[in-house]
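Engineer: Just so it is clear, I am handing over data.txt, which has compact mmCIF, C-alpha atoms.
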# COMPACT_ATOMS: atom_id res chain seq x y z
CA MET A 257 111.37 190.92 134.51
CA PRO A 258 108.22 192.17 136.28
CA ARG A 259 108.52 195.06 138.67
CA PRO A 260 108.57 194.02 142.31
CA PRO A 261 105.45 195.44 143.95
CA TYR A 262 107.44 197.65 146.27
CA HIS A 263 109.10 199.69 143.48
CA GLU A 264 106.67 202.61 143.83
CA GLU A 265 107.41 202.79 147.54
CA LEU A 266 111.14 202.60 146.76
CA ILE A 267 110.88 205.55 144.38
CA ALA A 268 109.05 207.67 146.95
CA ARG A 269 111.49 206.75 149.70
CA PHE A 270 114.57 207.49 147.59
CA THR A 271 113.66 211.08 146.85
CA GLN A 272 111.82 211.92 150.08
CA ALA A 273 113.20 209.84 152.96
CA VAL A 274 116.96 210.17 152.40
CA PRO A 275 117.98 213.58 153.76
CA HIS A 276 121.15 214.01 151.69
CA ILE A 277 119.55 212.91 148.41
CA LYS A 278 116.73 215.34 149.10
CA GLU A 279 119.20 218.14 149.76
CA LEU A 280 121.02 217.48 146.48
CA GLY A 281 117.75 217.33 144.51
CA MET A 282 118.38 214.06 142.65
CA THR A 283 115.56 212.96 140.38
CA ILE A 284 114.62 209.46 139.26
CA ILE A 285 114.41 209.01 135.50
CA ASP A 286 113.81 205.25 135.53
CA VAL A 287 113.73 202.34 137.97
CA GLN A 288 113.74 198.75 136.71
CA SER A 289 115.01 195.49 138.21
CA GLU A 290 117.62 195.54 135.43
CA GLY A 291 118.94 198.97 136.33
CA VAL A 292 118.14 202.54 137.37
CA HIS A 293 118.72 205.97 135.86
CA ILE A 294 119.14 208.94 138.21
CA ARG A 295 119.78 212.59 137.35
CA LEU A 296 121.50 215.26 139.41
CA PRO A 297 120.54 218.73 138.10
CA TYR A 298 123.44 221.17 137.84
CA ARG A 299 124.20 223.71 140.59
CA GLU A 300 127.15 226.05 140.91
CA GLU A 301 127.69 224.52 144.34
CA TRP A 302 128.92 221.31 142.68
CA LEU A 303 132.04 222.98 141.27
CA GLY A 304 135.43 221.85 142.50
CA ASP A 305 137.46 224.11 140.21
CA THR A 306 135.91 227.50 139.54
CA VAL A 307 138.83 228.62 137.36
CA HIS A 308 138.23 225.88 134.79
CA GLY A 309 134.52 225.37 135.46
CA LEU A 310 134.82 221.71 136.50
CA ILE A 311 132.48 219.76 138.76
CA HIS A 312 134.04 218.30 141.92
CA PRO A 313 134.66 214.54 141.64
CA GLY A 314 133.20 214.05 145.13
CA ILE A 315 129.66 214.88 144.11
CA ILE A 316 129.96 212.30 141.30
CA SER A 317 130.75 209.61 143.91
CA THR A 318 127.67 210.63 145.87
CA LEU A 319 125.50 210.29 142.77
CA VAL A 320 127.01 206.87 141.99
CA ASP A 321 126.60 205.58 145.56
CA SER A 322 122.97 206.75 145.65
CA ALA A 323 122.01 205.30 142.25
CA SER A 324 123.85 202.05 142.94
CA GLY A 325 122.12 201.54 146.28
CA LEU A 326 118.78 202.07 144.56
CA SER A 327 119.72 199.60 141.82
CA VAL A 328 120.40 196.93 144.46
CA LEU A 329 117.04 197.50 146.15
CA ALA A 330 115.27 197.53 142.78
CA ARG A 331 116.85 194.19 141.90
CA LEU A 332 115.86 192.44 145.15
CA ASP A 333 112.40 190.96 145.60
CA ASN A 334 111.84 192.55 148.99
CA PRO A 335 113.27 195.59 150.71
CA GLU A 336 116.17 194.79 153.02
CA PRO A 337 118.97 196.77 154.67
CA ILE A 338 122.10 197.08 152.54
CA ALA A 339 125.50 198.67 153.12
CA THR A 340 128.16 199.79 150.64
CA LEU A 341 131.33 197.72 151.13
CA ASP A 342 133.45 199.48 148.55
CA LEU A 343 133.29 201.86 145.64
CA ARG A 344 135.81 202.55 142.89
CA MET A 345 135.61 205.53 140.58
CA ASP A 346 137.50 205.77 137.28
CA TYR A 347 137.28 209.31 135.99
CA GLN A 348 137.16 209.22 132.19
CA ARG A 349 136.95 212.94 131.45
CA PRO A 350 136.24 216.13 133.43
CA ALA A 351 132.61 216.93 134.29
CA ILE A 352 131.88 220.45 133.11
CA LYS A 353 129.68 223.20 134.52
CA ASP A 354 126.12 224.01 133.39
CA HIS A 355 125.25 220.38 132.61
CA ALA A 356 123.32 217.83 134.69
CA LEU A 357 124.98 214.59 135.69
CA ASP A 358 123.21 211.37 134.71
CA CYS A 359 123.94 208.01 136.29
CA ARG A 360 122.91 204.53 135.20
CA ALA A 361 123.53 201.77 137.73
CA GLU A 362 122.99 198.04 137.32
CA ALA A 363 123.09 195.38 140.05
CA TYR A 364 124.48 192.69 137.76
CA ARG A 365 125.19 189.92 140.24
CA VAL A 366 123.26 188.98 143.37
CA THR A 367 124.52 186.39 145.85
CA PRO A 368 122.99 185.53 149.25
CA HIS A 369 125.31 188.00 151.00
CA ILE A 370 126.76 190.34 148.37
CA VAL A 371 125.47 192.35 145.40
CA PHE A 372 127.84 193.65 142.71
CA VAL A 373 127.00 196.86 140.85
CA ARG A 374 128.46 198.74 137.92
CA ALA A 375 127.59 202.33 137.17
CA SER A 376 128.37 205.00 134.62
CA VAL A 377 128.00 208.78 134.79
CA TRP A 378 127.70 211.12 131.83
CA GLN A 379 126.64 214.61 130.79
CA SER A 380 124.49 215.04 127.67
CA ASP A 381 126.08 212.09 125.80
CA GLU A 382 125.89 208.64 127.39
CA ASN A 383 128.61 207.44 125.00
CA LYS A 384 131.07 209.87 126.57
CA PRO A 385 131.08 208.89 130.26
CA VAL A 386 132.73 211.18 132.79
CA ALA A 387 133.09 208.28 135.23
CA LEU A 388 132.79 204.50 135.32
CA SER A 389 132.32 202.81 138.64
CA GLN A 390 132.27 199.44 140.34
CA LEU A 391 130.72 198.73 143.75
CA ALA A 392 130.00 195.88 146.17
CA PHE A 393 127.13 195.95 148.64
CA MET A 394 126.50 193.74 151.64
CA ARG A 395 123.01 192.43 152.23
CA SER A 396 122.25 192.67 155.91
CA SER A 397 119.16 190.55 156.27
CA THR A 398 120.80 187.19 155.52
CA SER A 399 123.33 187.39 158.32
CA LYS A 400 123.11 188.69 161.84
CA ARG A 401 126.87 188.54 162.27
CA ARG A 402 128.65 191.84 162.37
CA VAL A 403 131.57 192.02 159.98
CA VAL A 404 133.23 194.94 161.73
CA MET B 107 153.22 231.65 138.96
CA SER B 108 150.90 233.61 141.17
CA ASN B 109 147.19 232.98 141.10
CA ALA B 110 144.29 232.42 143.47
CA PHE B 111 145.61 229.02 144.56
CA SER B 112 149.14 230.22 145.17
CA GLU B 113 147.82 233.11 147.22
CA ALA B 114 145.50 230.90 149.28
CA ARG B 115 148.34 228.44 149.87
CA ARG B 116 150.66 231.23 150.97
CA ILE B 117 148.09 232.38 153.54
CA ALA B 118 147.55 228.78 154.70
CA ARG B 119 151.28 228.15 155.11
CA GLU B 120 152.14 231.45 156.72
CA SER B 121 149.20 232.14 159.00
CA ARG B 122 147.64 228.66 159.16
CA ASN B 123 144.40 230.17 157.99
CA TYR B 124 143.01 227.56 155.60
CA GLU B 125 139.72 229.21 154.78
CA PRO B 126 140.87 231.01 151.57
CA LEU B 127 142.11 227.71 150.16
CA ASN B 128 138.99 225.84 151.17
CA SER B 129 136.64 228.46 149.77
CA LEU B 130 138.11 228.17 146.26
CA MET B 131 136.15 224.94 145.92
CA PRO B 132 132.39 225.61 146.08
CA TYR B 133 131.52 221.94 146.67
CA ALA B 134 133.84 221.79 149.72
CA ARG B 135 132.01 224.85 151.02
CA PHE B 136 128.66 223.18 150.29
CA LEU B 137 129.65 220.09 152.30
CA GLY B 138 130.82 222.42 155.06
CA VAL B 139 134.42 221.17 155.12
CA LYS B 140 136.75 222.89 157.59
CA ILE B 141 140.49 222.65 157.95
CA LEU B 142 141.75 222.67 161.52
CA ASP B 143 145.25 223.49 162.63
CA ILE B 144 146.35 220.73 165.03
CA GLU B 145 149.78 221.62 166.41
CA GLY B 146 150.87 222.98 163.07
CA GLU B 147 149.42 220.15 160.99
CA PRO B 148 146.24 220.60 158.98
CA ARG B 149 143.38 218.24 159.78
CA VAL B 150 140.34 218.14 157.54
CA HIS B 151 137.04 218.23 159.41
CA LEU B 152 133.45 217.66 158.32
CA PRO B 153 131.08 219.19 160.89
CA TYR B 154 127.89 217.15 161.32
CA ARG B 155 124.57 218.39 160.01
CA PRO B 156 121.35 216.36 159.62
CA SER B 157 121.22 216.76 155.83
CA LEU B 158 124.38 214.64 155.47
CA ILE B 159 122.40 211.55 156.50
CA GLY B 160 121.93 208.80 153.92
CA ASN B 161 120.19 206.27 156.11
CA ALA B 162 117.59 207.80 158.37
CA GLN B 163 116.77 204.54 160.20
CA MET B 164 120.24 203.83 161.59
CA PRO B 165 121.00 206.82 161.31
CA ALA B 166 124.22 206.91 159.25
CA LEU B 167 126.07 209.39 157.06
CA HIS B 168 125.51 209.04 153.31
CA GLY B 169 128.31 206.84 151.95
CA GLY B 170 128.77 209.30 149.11
CA VAL B 171 129.36 212.10 151.61
CA THR B 172 132.14 210.10 153.27
CA ALA B 173 133.71 209.40 149.86
CA ALA B 174 133.39 213.00 148.68
CA PHE B 175 134.80 214.34 151.95
CA MET B 176 137.81 212.01 151.72
CA GLU B 177 138.54 212.77 148.07
CA ASN B 178 138.27 216.47 148.82
CA ALA B 179 140.67 216.02 151.75
CA ALA B 180 143.20 214.42 149.37
CA LEU B 181 142.87 217.35 146.95
CA LEU B 182 143.38 219.83 149.80
CA GLN B 183 146.45 217.94 150.97
CA LEU B 184 147.96 218.12 147.47
CA LEU B 185 147.17 221.83 147.17
CA LEU B 186 148.76 222.49 150.56
CA GLU B 187 151.89 220.37 150.19
CA LEU B 188 152.71 220.91 146.53
CA ASP B 189 152.94 224.06 144.46
CA GLU B 190 150.03 223.21 142.17
CA THR B 191 148.46 226.17 140.39
CA ARG B 192 145.15 224.41 139.86
CA VAL B 193 143.09 221.66 141.46
CA PRO B 194 144.73 218.33 140.53
CA LYS B 195 142.55 216.15 138.29
CA SER B 196 141.27 212.92 139.82
CA ILE B 197 142.26 209.82 137.84
CA ASP B 198 140.69 207.22 140.08
CA PHE B 199 139.47 206.88 143.64
CA ALA B 200 138.67 203.75 145.67
CA ILE B 201 137.07 203.62 149.09
CA ASP B 202 136.49 200.73 151.51
CA TYR B 203 133.80 201.28 154.11
CA LEU B 204 134.70 199.74 157.46
CA LYS B 205 131.74 200.84 159.54
CA PRO B 206 128.72 203.13 159.19
CA GLY B 207 129.42 206.82 159.71
CA ARG B 208 127.70 207.98 162.86
CA PRO B 209 125.74 211.26 162.89
CA GLU B 210 128.77 212.99 164.40
CA GLU B 211 131.88 215.03 163.64
CA THR B 212 134.07 213.37 161.00
CA TYR B 213 137.79 213.82 160.29
CA ALA B 214 140.25 212.82 157.58
CA ASP B 215 144.00 212.33 157.62
CA CYS B 216 145.85 212.11 154.30
CA LYS B 217 149.29 210.96 153.30
CA ILE B 218 150.92 211.45 149.91
CA SER B 219 152.28 207.93 149.50
CA ARG B 220 154.04 208.55 146.22
CA LEU B 221 154.82 211.65 144.28
CA GLY B 222 155.85 211.17 140.67
CA GLN B 223 156.41 213.68 137.89
CA ARG B 224 152.84 213.43 136.67
CA VAL B 225 150.87 211.44 139.21
CA ALA B 226 150.45 211.55 142.99
CA HIS B 227 149.08 208.67 145.07
CA VAL B 228 147.25 209.73 148.24
CA ALA B 229 146.03 207.47 151.07
CA ILE B 230 143.18 208.75 153.22
CA ASN B 231 141.85 207.60 156.60
CA CYS B 232 138.45 208.79 157.76
CA TRP B 233 137.59 208.57 161.44
CA GLN B 234 135.20 209.68 164.16
CA ARG B 235 135.81 210.26 167.88
CA SER B 236 139.48 209.20 167.72
CA PRO B 237 142.01 208.45 164.93
CA GLU B 238 141.84 204.76 165.88
CA GLN B 239 138.12 204.60 165.13
CA VAL B 240 138.43 204.49 161.36
CA ILE B 241 135.14 204.39 159.45
CA ALA B 242 136.65 204.23 155.93
CA VAL B 243 139.98 204.00 154.13
CA ALA B 244 140.54 205.25 150.59
CA ARG B 245 143.21 205.96 148.04
CA GLY B 246 143.32 207.96 144.86
CA HIS B 247 145.58 208.84 141.95
CA PHE B 248 145.72 212.47 140.91
CA LEU B 249 147.17 214.11 137.81
CA LEU B 250 149.47 217.03 138.61
CA THR B 251 149.63 220.38 136.86
CA SER B 252 153.31 220.14 136.04
CA SER B 253 152.52 217.29 133.64
CA GLU B 254 150.48 219.52 131.33
Would you encode the structure as structure tokens?

Structural biologist:
Amino acid sequence: MPRPPYHEELIARFTQAVPHIKELGMTIIDVQSEGVHIRLPYREEWLGDTVHGLIHPGIISTLVDSASGLSVLARLDNPEPIATLDLRMDYQRPAIKDHALDCRAEAYRVTPHIVFVRASVWQSDENKPVALSQLAFMRSSTSKRRVV
Amino acid sequence: MSNAFSEARRIARESRNYEPLNSLMPYARFLGVKILDIEGEPRVHLPYRPSLIGNAQMPALHGGVTAAFMENAALLQLLLELDETRVPKSIDFAIDYLKPGRPEETYADCKISRLGQRVAHVAINCWQRSPEQVIAVARGHFLLTSSE
């Protein structure tokens, strides 16, 4: 699948124009229509359990939501507003300190109103995920009706 | 068993000073999470700051921030109500977004819906302005220390 022409702009916007993503220091490893790969470098601030040296599950959700949103935009032909409808995290194993978190997200089904995404998060070994995730996004441009 | 968590919980229960408990989790401190004492009941509070924004156009809070804040609120609730000696491990977490988070103060109310020998189920409501103005609902399963 060829890259939509706006991918370069998308990459720049993701890391520079989203205040929280900028604050966390996420980096883009790869952006394709078929999926994206985002990395969150390790910081001590991510810990949720200092006694056992475990990363807080909350920061993993933030990484997944960010990467998944980008995967939706990368899959669409033109930029359009999107909103996360729901997100489910299944924690497979603890995320440990001193290691970056990597996330691969894939918008695997696009309908006129909804996009479905699956994502996985790992540290060092992609075959040993720390979390698997499933999300649904609403596309805003195709409907002017408010759902809430 | 006496450890950092037991001590922080004792202070929280006796003097309603929740800061020692909160500060045991660096990521909660990074987000800026506060625990308020509302007529003897703890209420988890996320003070607004511009770097929590995920959509600069609207503007709206980053969906991951809302999720992380709510999951952290559930963990705090478990640490406060139970006699856990470590941070419970997240098994899964699911969030439904009802409306965009405004660039404002955000609050979470949690309820332990079921407490088993090994697993706790926690329901979380996230709101702004008033408890009726819910921006997201979530639930999670958490593995308890006593099961290890």

Engineer: Would you mind listing, for every residue of chain A within 9 Å of chain B, the two atoms forming the shortest contact and the distance between them in Å to one decimal, using all atoms listed in the file, sorted by chain and ascending residue number, as JSON lines?

Structural biologist:
{"residue": "A:Ala273", "atom": "CA", "partner": "B:Ala162", "partner_atom": "CA", "distance": 7.3}
{"residue": "A:Val274", "atom": "CA", "partner": "B:Gly160", "partner_atom": "CA", "distance": 5.4}
{"residue": "A:Pro275", "atom": "CA", "partner": "B:Ser157", "partner_atom": "CA", "distance": 5.0}
{"residue": "A:His276", "atom": "CA", "partner": "B:Ser157", "partner_atom": "CA", "distance": 5.0}
{"residue": "A:Ile277", "atom": "CA", "partner": "B:Gly160", "partner_atom": "CA", "distance": 7.3}
{"residue": "A:Lys278", "atom": "CA", "partner": "B:Ser157", "partner_atom": "CA", "distance": 8.2}
{"residue": "A:Glu279", "atom": "CA", "partner": "B:Ser157", "partner_atom": "CA", "distance": 6.5}
{"residue": "A:Glu300", "atom": "CA", "partner": "B:Pro132", "partner_atom": "CA", "distance": 7.4}
{"residue": "A:Glu301", "atom": "CA", "partner": "B:Pro132", "partner_atom": "CA", "distance": 5.1}
{"residue": "A:Trp302", "atom": "CA", "partner": "B:Tyr133", "partner_atom": "CA", "distance": 4.8}
{"residue": "A:Leu303", "atom": "CA", "partner": "B:Pro132", "partner_atom": "CA", "distance": 5.5}
{"residue": "A:Gly304", "atom": "CA", "partner": "B:Met131", "partner_atom": "CA", "distance": 4.7}
{"residue": "A:Asp305", "atom": "CA", "partner": "B:Met131", "partner_atom": "CA", "distance": 5.9}
{"residue": "A:Thr306", "atom": "CA", "partner": "B:Met131", "partner_atom": "CA", "distance": 6.9}
{"residue": "A:Val307", "atom": "CA", "partner": "B:Arg192", "partner_atom": "CA", "distance": 8.0}
{"residue": "A:His308", "atom": "CA", "partner": "B:Arg192", "partner_atom": "CA", "distance": 8.7}
{"residue": "A:Ile311", "atom": "CA", "partner": "B:Tyr133", "partner_atom": "CA", "distance": 8.3}
{"residue": "A:His312", "atom": "CA", "partner": "B:Tyr133", "partner_atom": "CA", "distance": 6.5}
{"residue": "A:Pro313", "atom": "CA", "partner": "B:Ser196", "partner_atom": "CA", "distance": 7.0}
{"residue": "A:Gly314", "atom": "CA", "partner": "B:Ala174", "partner_atom": "CA", "distance": 3.7}
{"residue": "A:Ile315", "atom": "CA", "partner": "B:Ala174", "partner_atom": "CA", "distance": 6.2}
{"residue": "A:Ile316", "atom": "CA", "partner": "B:Ala174", "partner_atom": "CA", "distance": 8.2}
{"residue": "A:Ser317", "atom": "CA", "partner": "B:Gly170", "partner_atom": "CA", "distance": 5.6}
{"residue": "A:Thr318", "atom": "CA", "partner": "B:Gly170", "partner_atom": "CA", "distance": 3.7}
{"residue": "A:Leu319", "atom": "CA", "partner": "B:Gly170", "partner_atom": "CA", "distance": 7.2}
{"residue": "A:Val320", "atom": "CA", "partner": "B:Gly170", "partner_atom": "CA", "distance": 7.7}
{"residue": "A:Asp321", "atom": "CA", "partner": "B:Gly170", "partner_atom": "CA", "distance": 5.6}
{"residue": "A:Ser322", "atom": "CA", "partner": "B:Gly170", "partner_atom": "CA", "distance": 7.2}
{"residue": "A:Ala339", "atom": "CA", "partner": "B:Pro206", "partner_atom": "CA", "distance": 8.2}
{"residue": "A:Thr340", "atom": "CA", "partner": "B:Tyr203", "partner_atom": "CA", "distance": 6.8}
{"residue": "A:Leu341", "atom": "CA", "partner": "B:Tyr203", "partner_atom": "CA", "distance": 5.3}
{"residue": "A:Asp342", "atom": "CA", "partner": "B:Asp202", "partner_atom": "CA", "distance": 4.4}
{"residue": "A:Leu343", "atom": "CA", "partner": "B:Ile201", "partner_atom": "CA", "distance": 5.4}
{"residue": "A:Arg344", "atom": "CA", "partner": "B:Ala200", "partner_atom": "CA", "distance": 4.2}
{"residue": "A:Met345", "atom": "CA", "partner": "B:Phe199", "partner_atom": "CA", "distance": 5.1}
{"residue": "A:Asp346", "atom": "CA", "partner": "B:Asp198", "partner_atom": "CA", "distance": 4.5}
{"residue": "A:Tyr347", "atom": "CA", "partner": "B:Ile197", "partner_atom": "CA", "distance": 5.3}
{"residue": "A:Gln348", "atom": "CA", "partner": "B:Ile197", "partner_atom": "CA", "distance": 7.6}
{"residue": "A:Arg349", "atom": "CA", "partner": "B:Ile197", "partner_atom": "CA", "distance": 8.9}
{"residue": "A:Pro350", "atom": "CA", "partner": "B:Lys195", "partner_atom": "CA", "distance": 8.0}
{"residue": "A:Val403", "atom": "CA", "partner": "B:Leu204", "partner_atom": "CA", "distance": 8.7}
{"residue": "A:Val404", "atom": "CA", "partner": "B:Lys205", "partner_atom": "CA", "distance": 6.5}

Engineer: For a quick check of understanding, using only C-alpha atoms, which of A:Phe372, A:Pro385, A:Ser380, A:Leu326 has the smallest distance to Tyr298 of chain A?

Structural biologist: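 Answer, going by the shortest atom-to-atom distance: A:Ser380.
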
Engineer: Kindly give the distance, in Å, that separates atom CA of Tyr262 of chain A and atom CA of Leu332 of chain A, rounded to a single decimal.

Structural biologist: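 So the answer is 10.0 Å.
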
Engineer: Which neighbours of Ala356 of chain A fall inside 10 Å, counting only C-alpha atoms, when residues of the same chain fewer than 6 positions from it are skipped, and could you give them as a list in words?

Structural biologist: Arg295, Leu296, Pro297, Tyr298, Arg299, Trp378, Gln379 and Ser380 of chain A

Engineer: For the atom pair atom CA of Gly309 of chain A and atom CA of Glu190 of chain B, what is the interatomic distance in Å to one decimal place?

Structural biologist: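 Computing it gives 17.0 Å between the two atoms.
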
Engineer: Which value, in Å to one decimal, gives the distance between atom CA of Glu113 of chain B and atom CA of Asp189 of chain B?

Structural biologist: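 A separation of 10.8 Å between them.
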
Engineer: Find the spatial neighbours of Asp143 of chain B, counting only C-alpha atoms, within a cut-off of 12 Å - ignore same-chain residues fewer than 3 positions away - and output them as a list of chain:residue names.

Structural biologist: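 Close residues of Asp143 of chain B: B:Ala118, B:Arg119, B:Ser121, B:Arg122, B:Asn123, B:Tyr124, B:Glu125, B:Lys140, B:Gly146, B:Glu147, B:Pro148, B:Arg149, B:Val150, B:His151.
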
Engineer: Excluding same-chain residues fewer than 2 positions from Val240 of chain B, what lies within 10 Å of it counting all atoms listed in the file, as a count of residues only?

Structural biologist: 17
